[in-house]
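Trainee: Pasting a structure here, questions to come.
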Amino acid sequence: MLSYRHAFHAGNHADVLKHTILVFCLEYMNRKDTPWLYIDTHSGAPSYSLLGSYAAMTGESEAGIARLRAFARDDPPPPAVAAYLRAVEAYGRAWGDEYPGSPSIAAEVLREEDRAVFFELHPTDYAPLERRFEPFRRVRTRMEDGFSGLKSVLPPPSRRALVLIDPPYELKEDYGRVVDSLKSALARFATGVYLVWYPVLDRSEARDLPSALMDLAQGEAYRAELRVRTLEDGERGMAGSGLVVMNPPWKLAEAIDETLPYLARALGNGREAGWNSERVDGRNRNAPPRVQA
Ligand SMILES: C[S@@+](CC[C@H](N)C(=O)[O-])C[C@H]1O[C@@H](n2cnc3c(N)ncnc32)[C@H](O)[C@@H]1O
């Protein structure tokens, strides 16, 4: 039984980081004429009310998107953050002030000739997802396990795809499954752009995950991590989050390396905040990774 509901967390610091990188990658895909496929293995709902009871219960969006908006009024954001804020504003204007989930952010960028597949297992989030995208021929929604569903849609006919793998990690198996599913996806389609989100938590599976993912790189890979606070020994909760990007778009690393210090200032808890990034080239395994803190 799945209990995770993204409505409690929508617009938090993790969404800000993930969606900033997602917007950059989506816009990059449109730079070429060849059609592409967007795959969201863990879609969630199409959008979330930040004024509703779920958001109010945790206050996470207040410390995320709301805090970023206020910060950006006095401290102009770098281009990648500005593009993310524009996407969120535009969505809010069009859809009654809701915060967009990843499928809606992607759907706004897709062109007529592009396609998307959205997987979501939870019936409560799947129902509005299906309703919202049912009129769009270029989008397919599937109430199936996104880890195993991913294989079934790769490789894409056009040989261009952007894949977001964003599990809730509520089940311990998710840590192993995310590695296995990325591995088999790369075996089927090595040149796709893959974004994998991970939490920064004080548990061994979470600590080991980023390097297990980076070890799968066959070409270039980039990892971006934002910490908004430190955890006391044994404290539960999320100190921050990160993304591993396989085959990162041109200039993503530069763009996000200027984004991370900005987000640490905007969303971090003073000196507890921090960030780091890493680049590896899977074709040249003897070269040391380039790490920036
Ligand atoms: C972190 S949320 C997704 C947030 C969304 N990607 C976004 O950025 O707006 C994870 C979602 O995955 C769903 N889920 C959990 N296990 C799943 C699975 N094995 N396959 C597909 N969806 C799953 C949950 O119901 C939840 O809605």
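Letters A, B, ... mark the chains of the structure tokens in the order given; residue numbers begin at 1 per chain; ligand numbers begin at 1, in order shown.
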Just list the residues in segment 43-124 of chain A DSSP gives strand (DSSP E or B) on the backbone, as a list in words.
Mentor: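 Here are the strand (DSSP E or B) residues of segment 43-124 of chain A: Ser47, Tyr48, Tyr99, Pro100, Arg115, Ala116, Val117, Phe118 and Phe119 of chain A.
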Trainee: Apply DSSP to the backbone of this structure and, from segment 76-148 of chain A, keep only the residues in alpha helix (DSSP H); write these as number ranges by chain.
Mentor: A: 79-94, 102-109, 123-133, 146-148
Trainee: For the residues selected in the previous step, produce a file with N, CA and C atoms as a short mmCIF file (atom, residue, chain, number, x, y, z; two decimals), in the first residue's frame.
Mentor:
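Result file is again-v2.cif:
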data_model
loop_
_atom_site.label_atom_id
_atom_site.label_comp_id
_atom_site.auth_asym_id
_atom_site.auth_seq_id
_atom_site.Cartn_x
_atom_site.Cartn_y
_atom_site.Cartn_z
N PRO A 79 20.04 32.63 -14.70
CA PRO A 79 19.06 32.32 -15.76
C PRO A 79 18.27 31.03 -15.56
N ALA A 80 18.89 29.97 -15.06
CA ALA A 80 18.14 28.71 -14.92
C ALA A 80 17.03 28.85 -13.88
N VAL A 81 17.29 29.58 -12.80
CA VAL A 81 16.26 29.78 -11.77
C VAL A 81 15.17 30.71 -12.31
N ALA A 82 15.59 31.73 -13.07
CA ALA A 82 14.62 32.66 -13.64
C ALA A 82 13.68 31.89 -14.60
N ALA A 83 14.23 30.97 -15.37
CA ALA A 83 13.40 30.19 -16.31
C ALA A 83 12.40 29.32 -15.55
N TYR A 84 12.86 28.72 -14.45
CA TYR A 84 11.98 27.90 -13.61
C TYR A 84 10.85 28.76 -13.02
N LEU A 85 11.21 29.93 -12.49
CA LEU A 85 10.19 30.80 -11.89
C LEU A 85 9.16 31.23 -12.94
N ARG A 86 9.66 31.52 -14.16
CA ARG A 86 8.73 31.91 -15.24
C ARG A 86 7.75 30.76 -15.54
N ALA A 87 8.29 29.54 -15.57
CA ALA A 87 7.43 28.38 -15.89
C ALA A 87 6.36 28.21 -14.81
N VAL A 88 6.74 28.38 -13.54
CA VAL A 88 5.78 28.22 -12.44
C VAL A 88 4.73 29.33 -12.47
N GLU A 89 5.21 30.57 -12.74
CA GLU A 89 4.25 31.70 -12.80
C GLU A 89 3.25 31.48 -13.94
N ALA A 90 3.78 31.11 -15.11
CA ALA A 90 2.91 30.95 -16.28
C ALA A 90 1.87 29.86 -16.01
N TYR A 91 2.30 28.78 -15.36
CA TYR A 91 1.36 27.71 -15.06
C TYR A 91 0.29 28.18 -14.08
N GLY A 92 0.75 28.91 -13.06
CA GLY A 92 -0.19 29.42 -12.04
C GLY A 92 -1.24 30.33 -12.66
N ARG A 93 -0.80 31.15 -13.61
CA ARG A 93 -1.75 32.07 -14.28
C ARG A 93 -2.78 31.28 -15.08
N ALA A 94 -2.30 30.23 -15.74
CA ALA A 94 -3.20 29.47 -16.62
C ALA A 94 -4.10 28.52 -15.84
N SER A 102 5.75 17.70 -12.18
CA SER A 102 6.66 17.51 -13.32
C SER A 102 5.94 17.21 -14.64
N PRO A 103 4.83 16.40 -14.64
CA PRO A 103 4.20 16.15 -15.94
C PRO A 103 3.66 17.42 -16.58
N SER A 104 3.12 18.32 -15.76
CA SER A 104 2.57 19.57 -16.33
C SER A 104 3.69 20.50 -16.79
N ILE A 105 4.80 20.52 -16.05
CA ILE A 105 5.93 21.36 -16.49
C ILE A 105 6.39 20.88 -17.87
N ALA A 106 6.46 19.57 -18.03
CA ALA A 106 6.91 19.02 -19.31
C ALA A 106 5.88 19.28 -20.41
N ALA A 107 4.60 19.08 -20.08
CA ALA A 107 3.56 19.22 -21.10
C ALA A 107 3.54 20.63 -21.69
N GLU A 108 3.92 21.62 -20.87
CA GLU A 108 3.93 23.00 -21.36
C GLU A 108 5.02 23.22 -22.41
N VAL A 109 6.05 22.38 -22.39
CA VAL A 109 7.20 22.57 -23.28
C VAL A 109 7.11 21.71 -24.54
N PRO A 123 -3.82 5.68 -7.03
CA PRO A 123 -5.08 6.02 -7.71
C PRO A 123 -5.50 7.47 -7.48
N THR A 124 -5.22 8.02 -6.29
CA THR A 124 -5.67 9.39 -5.99
C THR A 124 -4.94 10.42 -6.86
N ASP A 125 -3.69 10.16 -7.18
CA ASP A 125 -2.95 11.08 -8.06
C ASP A 125 -3.14 10.71 -9.53
N TYR A 126 -3.37 9.41 -9.77
CA TYR A 126 -3.54 8.99 -11.17
C TYR A 126 -4.82 9.55 -11.79
N ALA A 127 -5.91 9.58 -10.99
CA ALA A 127 -7.22 10.00 -11.55
C ALA A 127 -7.15 11.41 -12.15
N PRO A 128 -6.63 12.43 -11.43
CA PRO A 128 -6.56 13.76 -12.05
C PRO A 128 -5.55 13.83 -13.19
N LEU A 129 -4.50 12.99 -13.08
CA LEU A 129 -3.49 12.97 -14.15
C LEU A 129 -4.13 12.49 -15.46
N GLU A 130 -4.87 11.42 -15.35
CA GLU A 130 -5.53 10.86 -16.54
C GLU A 130 -6.55 11.86 -17.10
N ARG A 131 -7.33 12.45 -16.20
CA ARG A 131 -8.35 13.41 -16.64
C ARG A 131 -7.72 14.60 -17.37
N ARG A 132 -6.63 15.13 -16.77
CA ARG A 132 -6.01 16.32 -17.34
C ARG A 132 -5.45 16.06 -18.74
N PHE A 133 -4.82 14.88 -18.91
CA PHE A 133 -4.09 14.68 -20.17
C PHE A 133 -4.86 13.84 -21.19
N GLY A 146 6.34 2.47 -12.57
CA GLY A 146 7.21 3.22 -13.48
C GLY A 146 8.58 2.60 -13.68
N PHE A 147 9.07 1.88 -12.66
CA PHE A 147 10.40 1.26 -12.80
C PHE A 147 10.38 0.22 -13.93
N SER A 148 9.36 -0.66 -13.91
CA SER A 148 9.36 -1.67 -14.97
C SER A 148 8.76 -1.13 -16.26
#
Trainee: Would you name the residues within 7 Å of ligand 1, counting only C-alpha atoms and all ligand atoms, and put them as an NGL selection string?
Mentor: :A and (2 or 4-6 or 10 or 15 or 18-19 or 40-45 or 100-103 or 119-122 or 125 or 144-147 or 166-168)
Trainee: Taking only C-alpha atoms into account, name the residue in A:Arg290, A:Pro78, A:Arg69, A:Leu22 that is nearest to Thr259 of chain A.
Mentor: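 Of A:Arg290, A:Pro78, A:Arg69, A:Leu22, the one nearest Thr259 of chain A is A:Pro78, counting only C-alpha atoms.
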